[in-house]
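File shown: data-v8.txt. Contents: compact mmCIF, C-alpha atoms.
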```txt
# COMPACT_ATOMS: atom_id res chain seq x y z
CA MET A 142 -11.48 18.31 -21.92
CA SER A 143 -11.30 20.08 -25.26
CA ASP A 144 -9.39 18.27 -27.98
CA LYS A 145 -6.64 20.80 -28.20
CA ASN A 146 -5.72 20.17 -24.54
CA LYS A 147 -5.83 16.43 -24.84
CA ASP A 148 -2.51 14.71 -24.32
CA THR A 149 -1.68 11.07 -23.81
CA GLN A 150 -2.25 11.32 -20.06
CA TRP A 151 -5.34 10.94 -17.93
CA PRO A 152 -7.33 14.06 -17.07
CA LEU A 153 -5.73 16.53 -14.70
CA TRP A 154 -7.09 17.17 -11.19
CA GLU A 155 -6.24 19.97 -8.80
CA VAL A 156 -5.56 18.82 -5.26
CA PHE A 157 -6.51 20.73 -2.10
CA VAL A 158 -5.35 19.45 1.26
CA GLN A 159 -6.67 20.28 4.70
CA THR A 160 -3.92 19.94 7.28
CA LYS A 161 -6.17 19.76 10.32
CA THR A 162 -9.86 19.61 11.03
CA GLY A 163 -11.45 23.03 10.64
CA ALA A 164 -8.55 24.56 8.69
CA SER A 165 -9.10 25.76 5.15
CA TYR A 166 -8.10 23.61 2.20
CA THR A 167 -4.88 24.71 0.54
CA HIS A 168 -3.88 24.03 -3.04
CA SER A 169 -1.09 21.45 -3.05
CA GLY A 170 -0.65 20.74 -6.75
CA SER A 171 -2.17 18.51 -9.40
CA VAL A 172 -2.32 14.85 -10.39
CA HIS A 173 -3.37 12.83 -13.42
CA ALA A 174 -6.11 10.29 -12.73
CA PRO A 175 -8.82 8.42 -14.67
CA ASP A 176 -11.64 9.38 -12.28
CA LYS A 177 -12.34 11.12 -8.98
CA GLU A 178 -11.91 8.07 -6.75
CA MET A 179 -8.48 7.35 -8.20
CA ALA A 180 -7.64 11.04 -8.10
CA LEU A 181 -8.23 11.02 -4.33
CA GLN A 182 -6.03 7.96 -3.85
CA ILE A 183 -3.26 9.31 -6.02
CA ALA A 184 -3.44 12.69 -4.29
CA ARG A 185 -3.15 10.88 -0.96
CA ASP A 186 0.01 9.13 -2.16
CA VAL A 187 1.58 12.17 -3.76
CA TYR A 188 0.74 14.96 -1.31
CA THR A 189 0.11 13.47 2.16
CA ARG A 190 3.01 11.04 2.56
CA ARG A 191 4.60 13.13 5.27
CA SER A 192 1.55 13.55 7.51
CA GLU A 193 0.40 16.74 5.81
CA GLY A 194 -3.26 15.88 5.61
CA ARG A 195 -6.54 15.17 7.36
CA SER A 196 -8.76 15.58 4.32
CA ILE A 197 -8.42 16.01 0.56
CA TRP A 198 -10.47 17.65 -2.18
CA VAL A 199 -9.87 16.99 -5.86
CA VAL A 200 -11.38 19.12 -8.61
CA PRO A 201 -11.11 18.53 -12.36
CA SER A 202 -8.66 21.18 -13.57
CA GLU A 203 -10.82 21.89 -16.59
CA ASP A 204 -13.70 22.90 -14.30
CA ILE A 205 -11.69 25.66 -12.68
CA ALA A 206 -12.34 29.09 -14.18
CA ALA A 207 -9.31 31.34 -13.88
CA THR A 208 -8.47 34.92 -14.72
CA GLN A 209 -5.79 35.44 -17.34
CA PRO A 210 -2.43 36.96 -16.36
CA LYS A 211 -2.79 39.47 -19.20
CA ASP A 212 -5.93 40.84 -17.55
CA ALA A 213 -4.22 41.44 -14.22
CA GLU A 214 -3.58 45.12 -14.87
CA SER A 215 -7.17 45.96 -15.62
CA LEU A 216 -8.56 43.74 -12.88
CA PHE A 217 -6.29 44.45 -9.95
CA ASP A 218 -4.25 47.62 -10.48
CA PRO A 219 -7.21 49.99 -10.10
CA ALA A 220 -7.38 49.06 -6.41
CA ASP A 221 -3.85 50.34 -5.82
CA ASP A 222 -4.73 54.04 -5.43
CA LYS A 223 -7.86 53.63 -3.35
CA PRO A 224 -6.58 53.53 0.21
CA TYR A 225 -10.00 54.65 1.48
CA ARG A 226 -11.14 51.05 0.98
CA LEU A 227 -8.90 50.03 3.86
CA PRO A 228 -10.08 50.50 7.45
CA THR A 229 -6.68 51.93 8.39
CA TYR A 230 -7.40 54.95 6.16
CA TYR A 231 -9.86 56.35 8.68
CA ARG A 232 -9.03 58.20 11.89
CA PHE A 233 -11.01 57.57 15.01
CA PRO A 234 -13.38 60.45 15.86
CA LYS A 235 -12.56 62.34 19.03
CA GLY A 236 -14.14 60.78 22.06
CA ILE A 237 -13.58 57.24 20.88
CA THR A 238 -10.67 55.52 22.43
CA MET A 239 -9.19 52.21 21.44
CA MET B 191 9.48 -27.44 19.84
CA SER B 192 9.13 -24.88 22.54
CA LYS B 193 6.70 -22.00 22.60
CA LYS B 194 9.65 -19.71 21.95
CA ASP B 195 10.46 -21.53 18.70
CA ALA B 196 6.82 -21.38 17.64
CA LEU B 197 6.56 -17.65 18.33
CA PHE B 198 9.84 -16.98 16.54
CA ASN B 199 8.60 -18.91 13.53
CA TYR B 200 5.26 -17.08 13.52
CA CYS B 201 6.83 -13.61 13.65
CA LEU B 202 9.36 -14.62 11.01
CA ARG B 203 6.52 -15.57 8.65
CA LEU B 204 4.71 -12.28 9.19
CA GLY B 205 7.92 -10.33 8.70
CA ASP B 206 9.02 -12.32 5.64
CA ASN B 207 5.70 -11.81 3.85
CA SER B 208 6.01 -8.05 4.21
CA LEU B 209 9.72 -8.00 3.40
CA ILE B 210 9.53 -10.04 0.20
CA LEU B 211 6.45 -8.26 -1.15
CA SER B 212 8.08 -4.94 -0.35
CA GLN B 213 11.17 -5.93 -2.33
CA ARG B 214 8.98 -6.95 -5.26
CA LEU B 215 7.05 -3.68 -5.24
CA SER B 216 10.21 -1.62 -5.01
CA GLU B 217 11.30 -3.20 -8.32
CA TRP B 218 8.61 -0.97 -9.86
CA CYS B 219 10.42 2.15 -8.73
CA GLY B 220 11.00 4.22 -11.86
CA HIS B 221 9.12 1.69 -14.03
CA ALA B 222 5.43 2.07 -13.11
CA PRO B 223 2.96 2.96 -15.88
CA ILE B 224 2.58 6.53 -14.62
CA LEU B 225 4.43 8.73 -12.18
CA GLU B 226 1.56 8.78 -9.69
CA GLU B 227 1.35 4.97 -9.58
CA ASP B 228 5.13 4.79 -9.21
CA LEU B 229 4.74 6.76 -5.99
CA ALA B 230 1.77 4.68 -4.87
CA LEU B 231 3.58 1.35 -5.33
CA THR B 232 6.76 2.49 -3.60
CA ASN B 233 4.61 4.00 -0.84
CA ILE B 234 3.06 0.59 -0.26
CA ALA B 235 6.55 -0.96 -0.39
CA LEU B 236 7.65 1.39 2.38
CA ASP B 237 4.62 0.52 4.52
CA LEU B 238 5.53 -3.14 4.12
CA ILE B 239 9.19 -2.64 4.95
CA GLY B 240 8.07 -0.91 8.16
CA GLN B 241 5.95 -3.93 9.05
CA ALA B 242 8.81 -6.30 8.21
CA ARG B 243 11.15 -4.37 10.51
CA GLU B 244 8.76 -4.63 13.46
CA PHE B 245 8.15 -8.35 13.06
CA LEU B 246 11.74 -9.33 12.24
CA THR B 247 13.21 -7.27 15.08
CA TYR B 248 10.74 -8.90 17.45
CA ALA B 249 11.50 -12.35 16.01
CA GLY B 250 15.20 -11.75 16.65
CA ASP B 251 14.48 -10.68 20.23
CA ILE B 252 12.39 -13.78 20.87
CA GLU B 253 15.05 -16.06 19.44
CA GLY B 254 17.62 -14.43 21.74
CA LYS B 255 20.69 -15.25 19.64
CA GLY B 256 21.53 -11.68 18.81
CA ARG B 257 20.09 -11.68 15.31
CA THR B 258 18.79 -8.26 14.25
CA GLU B 259 16.27 -7.31 11.57
CA ASP B 260 19.21 -6.89 9.18
CA THR B 261 20.77 -10.26 10.01
CA LEU B 262 17.44 -11.92 9.39
CA ALA B 263 16.74 -10.04 6.18
CA TYR B 264 20.18 -10.22 4.60
CA HIS B 265 21.89 -13.27 5.99
CA ARG B 266 19.41 -16.07 5.48
CA ASP B 267 19.16 -18.26 2.38
CA ALA B 268 15.97 -19.01 0.49
CA LYS B 269 15.23 -22.22 2.40
CA ASP B 270 15.19 -20.26 5.67
CA PHE B 271 12.58 -17.77 4.47
CA ARG B 272 9.04 -18.48 5.57
CA ASN B 273 7.04 -16.15 3.31
CA LEU B 274 4.04 -17.24 1.28
CA LEU B 275 4.75 -18.25 -2.32
CA LEU B 276 2.30 -15.60 -3.50
CA VAL B 277 4.43 -12.65 -2.43
CA GLU B 278 7.62 -13.87 -4.14
CA GLN B 279 5.95 -14.22 -7.55
CA PRO B 280 7.43 -11.86 -10.14
CA ASN B 281 5.81 -8.52 -10.89
CA GLY B 282 4.84 -9.64 -14.39
CA ASN B 283 2.83 -6.85 -15.98
CA PHE B 284 0.81 -4.29 -14.04
CA ALA B 285 -2.20 -6.64 -13.95
CA HIS B 286 -0.13 -9.34 -12.24
CA THR B 287 1.12 -6.87 -9.67
CA THR B 288 -2.44 -5.65 -9.09
CA VAL B 289 -3.91 -9.12 -8.62
CA ARG B 290 -1.04 -10.22 -6.36
CA GLN B 291 -1.47 -7.10 -4.24
CA PHE B 292 -5.24 -7.51 -4.10
CA PHE B 293 -5.06 -11.17 -3.04
CA PHE B 294 -2.43 -10.43 -0.41
CA SER B 295 -3.97 -7.22 0.93
CA ALA B 296 -7.37 -8.90 1.35
CA TYR B 297 -5.60 -11.63 3.33
CA ALA B 298 -3.52 -9.19 5.39
CA PHE B 299 -6.59 -7.09 6.15
CA HIS B 300 -8.46 -10.01 7.72
CA LEU B 301 -5.33 -11.39 9.36
CA TYR B 302 -4.43 -8.14 11.12
CA SER B 303 -8.07 -7.43 11.99
CA ALA B 304 -8.03 -10.67 13.97
CA LEU B 305 -4.44 -10.40 15.16
CA LYS B 306 -4.85 -7.01 16.79
CA ALA B 307 -6.60 -8.86 19.62
CA SER B 308 -3.56 -11.13 20.06
CA LYS B 309 -2.70 -12.04 23.63
CA ASP B 310 0.88 -11.12 22.75
CA GLU B 311 0.93 -7.36 23.27
CA ASN B 312 3.65 -6.70 20.73
CA ILE B 313 1.98 -8.68 17.98
CA GLY B 314 -1.33 -6.99 18.82
CA ALA B 315 0.23 -3.54 18.58
CA PHE B 316 2.06 -4.30 15.31
CA ALA B 317 -1.17 -5.70 13.86
CA ALA B 318 -3.20 -2.63 14.86
CA LYS B 319 -0.67 -0.33 13.21
CA SER B 320 -0.32 -2.50 10.12
CA LEU B 321 -4.09 -2.77 9.74
CA LYS B 322 -4.38 0.93 8.95
CA GLU B 323 -1.82 0.51 6.19
CA VAL B 324 -3.19 -2.65 4.63
CA THR B 325 -6.70 -1.19 4.67
CA TYR B 326 -5.39 1.38 2.23
CA HIS B 327 -3.47 -1.24 0.22
CA LEU B 328 -6.67 -3.21 -0.13
CA ARG B 329 -8.59 -0.15 -1.22
CA HIS B 330 -5.92 0.84 -3.73
CA SER B 331 -5.63 -2.61 -5.28
CA SER B 332 -9.45 -3.08 -5.27
CA GLU B 333 -9.92 0.12 -7.24
CA TRP B 334 -7.40 -1.12 -9.79
CA MET B 335 -9.10 -4.52 -9.99
CA LEU B 336 -12.36 -2.76 -10.82
CA ARG B 337 -10.83 -0.47 -13.42
CA LEU B 338 -8.72 -3.07 -15.18
CA GLY B 339 -11.32 -5.83 -14.90
CA ASP B 340 -14.08 -3.58 -16.17
CA GLY B 341 -11.94 -1.33 -18.39
CA THR B 342 -11.07 -2.27 -21.94
CA GLU B 343 -11.10 -5.68 -23.58
CA GLU B 344 -7.33 -5.73 -23.29
CA SER B 345 -7.15 -4.74 -19.61
CA ARG B 346 -9.74 -7.40 -18.77
CA LYS B 347 -7.78 -10.02 -20.68
CA HIS B 348 -4.66 -9.20 -18.64
CA ILE B 349 -6.56 -9.34 -15.36
CA LEU B 350 -8.02 -12.73 -16.25
CA THR B 351 -4.59 -14.07 -17.16
CA ALA B 352 -3.10 -12.75 -13.93
CA ILE B 353 -5.87 -14.34 -11.85
CA ASP B 354 -5.26 -17.65 -13.66
CA ASP B 355 -1.53 -17.42 -13.02
CA LEU B 356 -1.75 -16.50 -9.34
CA TRP B 357 -4.81 -18.36 -8.10
CA MET B 358 -2.86 -21.52 -7.27
CA TYR B 359 -0.80 -19.61 -4.70
CA THR B 360 -3.85 -18.52 -2.68
CA GLY B 361 -4.47 -21.88 -0.99
CA GLU B 362 -1.38 -21.46 1.16
CA LEU B 363 -2.73 -18.27 2.73
CA PHE B 364 -5.04 -20.34 4.90
CA GLU B 365 -2.57 -22.97 6.06
CA ASN B 366 -1.24 -23.15 9.59
CA SER B 367 2.19 -24.48 10.44
CA GLU B 368 2.14 -27.43 12.84
CA LEU B 369 4.01 -25.12 15.23
CA ASP B 370 1.04 -22.77 15.42
CA GLU B 371 -1.36 -24.95 17.36
CA ALA B 372 -0.27 -23.94 20.85
CA LEU B 373 -0.12 -20.28 19.86
CA ILE B 374 -3.63 -20.44 18.41
CA ASN B 375 -4.96 -22.10 21.56
CA GLU B 376 -3.44 -19.36 23.69
CA GLY B 377 -4.93 -16.61 21.52
CA ILE B 378 -1.52 -15.39 20.38
CA ALA B 379 -1.77 -16.49 16.75
CA VAL B 380 -4.75 -16.56 14.41
CA ASP B 381 -6.04 -19.81 12.96
CA ALA B 382 -5.41 -19.09 9.27
CA SER B 383 -8.17 -21.43 8.16
CA VAL B 384 -10.85 -19.14 9.63
CA LEU B 385 -9.63 -16.34 7.35
CA HIS B 386 -10.57 -18.29 4.24
CA GLU B 387 -14.26 -17.48 4.26
CA LEU B 388 -13.67 -13.80 5.06
CA TRP B 389 -11.12 -13.58 2.27
CA ASN B 390 -13.50 -15.27 -0.16
CA GLU B 391 -16.17 -12.71 0.67
CA THR B 392 -13.84 -9.78 0.08
CA VAL B 393 -12.49 -11.19 -3.17
CA GLN B 394 -15.93 -12.23 -4.34
CA GLY B 395 -17.25 -8.74 -3.60
CA ILE B 396 -14.85 -7.25 -6.12
CA PHE B 397 -15.11 -10.11 -8.64
CA HIS B 398 -18.89 -9.76 -8.58
CA ARG B 399 -18.68 -6.07 -9.51
CA ILE B 400 -16.58 -6.85 -12.58
CA ASN B 401 -18.64 -9.90 -13.43
CA LEU B 402 -16.02 -12.55 -12.76
CA PRO B 403 -16.77 -15.91 -11.19
CA LEU B 404 -14.51 -16.95 -8.33
CA PRO B 405 -12.15 -19.59 -9.78
CA GLN B 406 -12.61 -23.20 -8.70
CA GLU B 407 -10.39 -24.20 -5.81
CA GLY B 408 -8.22 -26.33 -8.14
CA TYR B 409 -4.62 -27.37 -7.52
CA MET B 410 -2.89 -25.25 -4.90
CA LEU B 411 0.88 -24.95 -4.73
CA LYS B 412 2.16 -24.70 -1.15
CA GLY B 413 5.45 -24.83 0.69
CA GLY B 414 6.48 -21.27 1.56
CA ILE B 415 5.76 -21.64 5.25
CA LYS B 416 8.04 -24.71 5.33
CA GLY B 417 10.79 -22.96 3.36
CA VAL B 418 10.10 -24.77 0.07
CA HIS B 419 9.97 -21.89 -2.40
CA THR B 420 9.50 -21.30 -6.10
CA GLU B 421 12.64 -20.57 -8.12
CA HIS B 422 11.84 -16.85 -8.04
CA LEU B 423 12.82 -16.28 -4.42
CA GLY B 424 16.51 -17.07 -4.96
CA HIS B 425 16.80 -14.46 -7.69
CA LEU B 426 15.00 -11.89 -5.57
CA LEU B 427 17.31 -12.54 -2.61
CA ALA B 428 20.42 -12.38 -4.82
CA GLU B 429 19.53 -8.81 -5.66
CA MET B 430 18.24 -7.82 -2.23
CA GLN B 431 21.13 -9.32 -0.28
CA PHE B 432 24.04 -8.60 -2.61
CA LEU B 433 25.31 -5.43 -1.00
CA PRO B 434 25.24 -6.40 2.68
CA ARG B 435 26.82 -9.75 1.81
CA ALA B 436 29.54 -8.36 -0.45
CA TYR B 437 30.34 -5.49 1.92
CA PRO B 438 29.35 -6.73 5.39
CA ASP B 439 30.07 -3.53 7.25
CA ALA B 440 28.84 -1.19 4.56
CA LYS B 441 27.15 1.95 5.86
CA TRP B 442 24.96 4.23 3.84
```
Show how you would write the structure in this file as structure tokens.
Amino acid sequence: MSDKNKDTQWPLWEVFVQTKTGASYTHSGSVHAPDKEMALQIARDVYTRRSEGRSIWVVPSEDIAATQPKDAESLFDPADDKPYRLPTYYRFPKGITM
Amino acid sequence: MSKKDALFNYCLRLGDNSLILSQRLSEWCGHAPILEEDLALTNIALDLIGQAREFLTYAGDIEGKGRTEDTLAYHRDAKDFRNLLLVEQPNGNFAHTTVRQFFFSAYAFHLYSALKASKDENIGAFAAKSLKEVTYHLRHSSEWMLRLGDGTEESRKHILTAIDDLWMYTGELFENSELDEALINEGIAVDASVLHELWNETVQGIFHRINLPLPQEGYMLKGGIKGVHTEHLGHLLAEMQFLPRAYPDAKW
């Protein structure tokens, strides 16, 4: 963690919980923990107390690369006027029935 | 002493251990070193209160005098409690709480592992359910033992002090009551003395990793299972029992 982000707490970990076997892992929140083993235990106590989980991932928050909100316009708005990228834009040719 | 009395006494001991340790852990609520650990400790307290409810309700049923889990929890005095001295010891600092939890969870893990094969179906079922919980308690407290014992000079000093302070209460974990003999012979209860070696192995496994020798056996203070407690239990009960005693029909 870079010095400017350092506070008095342990490093931050992002928690992803799988609710049932085979399902995708969903971001639940974050916890402070000294290391990955403790992060898993703490995540278990904080986010799966009401039978929400079958499996947990924890990832150091500092290792997650994220886009910046200020870049959203340039990154995502250009897709708004390009309906031809959606399958629903196209009509079925004659002779093909659903 | 009839078999009924013996079974009542045995379930009371199991229930009281969980109840008193749960009350101790819940004292941490809002005071733990970090928010996440606050949740973890109260989580464990809730697991233990669940176990206490099962065993005390069953004890009341066996006794057959109409006493419920609440009557047993709130309307007995210190001399009638049958919990181990270890679980009534004060929270001290976080190292004390960690060592107490580690010693007890290692014991409970081996106890319930054996007890889930009890010939008494109810005890067997309670033990099987409780085993899942105490397996986690053991893991949680073991991880803390490793981190504090092998952390900084200061954290290690606190762990060593806590081990010194609590070691003399561990001898009682492996004592049977004279009432237990028939239950042990019938495969209902577990002979506590056979848990000693298993417990030693578990504790030694962690101590070895943080380079601590297992303390010498030394003087062991006992008496909990006979109702002879340390002075701490009375204070704990005063707080735990105040409301139901002051307002007997209170609902919340």
**Message:** Around (-3.2, 14.9, 7.6), as given in the file, which residues come within 9 Å? Count all atoms listed in the file and list them as an NGL selection string.
**Reply:** :A and (158-162 or 189-197)
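Reported to one decimal place, the separation of atom CA of B:Arg399 from atom CA of B:Tyr297 is 19.2 Å.
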Residues of chain A no more than 9 Å from chain B, counting all atoms listed in the file: send them over as a compact mmCIF listing (two decimals) with C-alpha atoms, in the frame of the given file.
```
# COMPACT_ATOMS: atom_id res chain seq x y z
CA GLN A 150 -2.25 11.32 -20.06
CA VAL A 172 -2.32 14.85 -10.39
CA HIS A 173 -3.37 12.83 -13.42
CA ALA A 174 -6.11 10.29 -12.73
CA GLU A 178 -11.91 8.07 -6.75
CA MET A 179 -8.48 7.35 -8.20
CA GLN A 182 -6.03 7.96 -3.85
CA ILE A 183 -3.26 9.31 -6.02
CA ALA A 184 -3.44 12.69 -4.29
CA ARG A 185 -3.15 10.88 -0.96
CA ASP A 186 0.01 9.13 -2.16
CA VAL A 187 1.58 12.17 -3.76
CA ARG A 190 3.01 11.04 2.56
```
**Request:** Just give me the gap between atom CA of B:Ala268 and atom CA of B:Ile349 in Å, one decimal is fine.
**Result:**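 Computing it gives 29.2 Å between the two atoms.
Here atom CA of B:Asn199 is placed at a distance of 16.1 Å from atom CA of B:Phe316.
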